[in-house]
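Below: one structure, written as structure tokens.
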There are 2 protein chains.
Amino acid sequence: MAIHKKSAFTQKEQDLANFAKAMSHPARIAILKVLAQRNECICGEIVDLLPLAQSTISQHLKELKTAGLITGTIDGPRSCYCINWKAFEKFNSEFSFLFNKLKMSNEKACC
Amino acid sequence: MAIHKKSAFTQKEQDLANFAKAMSHPARIAILKVLAQRNECICGEIVDLLPLAQSTISQHLKELKTAGLITGTIDGPRSCYCINWKAFEKFNSEFSFLFNKLKMSNEKACC
DNA sequence: TTCTTTAATCGTATATTTGCGATATAAGAT
DNA sequence: ATCTTATATCGCAAATATACGATTAAAGAA
């Protein structure tokens, strides 16, 4: 394919897509669930909860962090991760704006 | 990696992930936007609106349809696609349930 | 029937993701 | 200083996704 054309779309489209992409793997959904359930920051406990190797979990955490869905601070030999609620609010409102609001005026389905 | 471990997660986690995956590309976000804006079913008009080849658009449409985000009916030599609002409602409620509801009891951030 | 139009599918090249083991890093414990 | 524990990163193999041109299919128009 030579070139990815993602940059040919608007920033909002890319932002929404990136957020969705970060959630596009069940392991990452599961990680977010754990982080959301426990208010306290979690680190390697996730490794015990999920059926994946430590390095793989670490990689998923990195992706979530890069995408801005979670925050993470290094705390000695262990790391601490938390849900970035602000990012979810933003996604939720953008998402709703894009689809729910439009739905209001277009309720009738056609096919 | 040999094996994908997606099946090791719950059905809900997989469903959410699949929905998110369908939206994880700006082209598909853009397609959904077009379908949401025009109440009427769109087909090849999308090809004129997006900077991608016809075959690529068709592939994205297929993915959206397979994931259940849109419906499509063949209408002679042209096809008709529409947003599947029900699927979005379901996603929205699952998503909110997973994160917004939990947020209520865990407002304080930790890191 | 043959031509045209519209959209799906095939084949293929390249990019990205997923996953793991091995290794590196960094701080506390001994 | 050495050992231990917890994470991150590297390197690699396999799976998927992205994109396009070429081809196919299917229905209306000529």
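Labels used: A, B, ... for chains in the order of the structure tokens, numbers from 1 for residues in each chain, and numbers from 1 for ligands as shown.
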
Can I get the residues of chain A within 6 Å of chain B, each with the closest pair of atoms and their distance in Å to one decimal, using only C-alpha atoms, sorted chain first then ascending number, as a tab-separated table?
```
residue	atom	partner	partner_atom	distance
A:Glu13	CA	B:Pro26	CA	5.1
A:Gln14	CA	B:Pro26	CA	5.1
A:Ala17	CA	B:Ser24	CA	4.3
A:Ala20	CA	B:Ala20	CA	4.8
A:Lys21	CA	B:Ser24	CA	4.4
A:Met23	CA	B:Ala17	CA	5.9
A:Ser24	CA	B:Ala17	CA	4.3
A:His25	CA	B:Ala17	CA	5.0
A:Pro26	CA	B:Gln14	CA	5.1
A:Asn39	CA	B:Asn106	CA	5.6
A:Asn106	CA	B:Asn39	CA	5.6
```

Using only C-alpha atoms (C1' of nucleotides), what does the table of chain C residues within 12 Å of chain B look like, with each row giving the shortest atom pair and its distance in Å to one decimal, sorted by chain and ascending number, as a Markdown table?
```
| residue | atom | partner | partner_atom | distance |
| --- | --- | --- | --- | --- |
| C:DT4 | C1' | B:Pro77 | CA | 11.2 |
| C:DT5 | C1' | B:Pro77 | CA | 7.6 |
| C:DT6 | C1' | B:Pro77 | CA | 5.2 |
| C:DA7 | C1' | B:Arg78 | CA | 6.3 |
| C:DA8 | C1' | B:Ser58 | CA | 7.2 |
| C:DT9 | C1' | B:Ser55 | CA | 8.8 |
| C:DC10 | C1' | B:Ser55 | CA | 10.8 |
| C:DT17 | C1' | B:Met1 | CA | 10.6 |
| C:DT18 | C1' | B:Met1 | CA | 6.6 |
| C:DG19 | C1' | B:Met1 | CA | 4.4 |
| C:DC20 | C1' | B:Met1 | CA | 6.7 |
| C:DG21 | C1' | B:Met1 | CA | 11.0 |
```

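Using only C-alpha atoms (C1' of nucleotides), we find that the part of chain D lying within 8 Å of chain B comprises DA13, DA14, DA15, DA19, DC20, DA26 and DA27 of chain D.
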
Restricted to C-alpha atoms (C1' of nucleotides), what would the selected residues look like written as a short mmCIF file (atom, residue, chain, number, x, y, z; two decimals), in the first residue's frame?
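In the end it all went to out11.cif:
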```cif
data_model
loop_
_atom_site.label_atom_id
_atom_site.label_comp_id
_atom_site.auth_asym_id
_atom_site.auth_seq_id
_atom_site.Cartn_x
_atom_site.Cartn_y
_atom_site.Cartn_z
"C1'" DA D 13 7.99 -14.44 14.33
"C1'" DA D 14 3.39 -14.63 12.96
"C1'" DA D 15 -1.05 -12.49 12.20
"C1'" DA D 19 -4.34 0.36 0.11
"C1'" DC D 20 -4.65 -0.04 -4.73
"C1'" DA D 26 -25.17 -7.55 -11.89
"C1'" DA D 27 -28.63 -4.61 -13.51
#
```

- Message: Just the number, please: distance in Å from CA of Ala67 in chain A to CA of Val47 in chain B, one decimal.
- Response: 29.4 Å

- Apply DSSP to the backbone of this structure and, from chain B, keep only the residues in strand (DSSP E); write these as a ChimeraX atom specification. /B:70-75,78-83

- Message: One number please: C1' of DT14 in chain C to CA of Lys65 in chain A, in Å, one decimal.
- Response: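 Computed distance, C1' of DT14 in chain C to CA of Lys65 in chain A, equals 27.3 Å.
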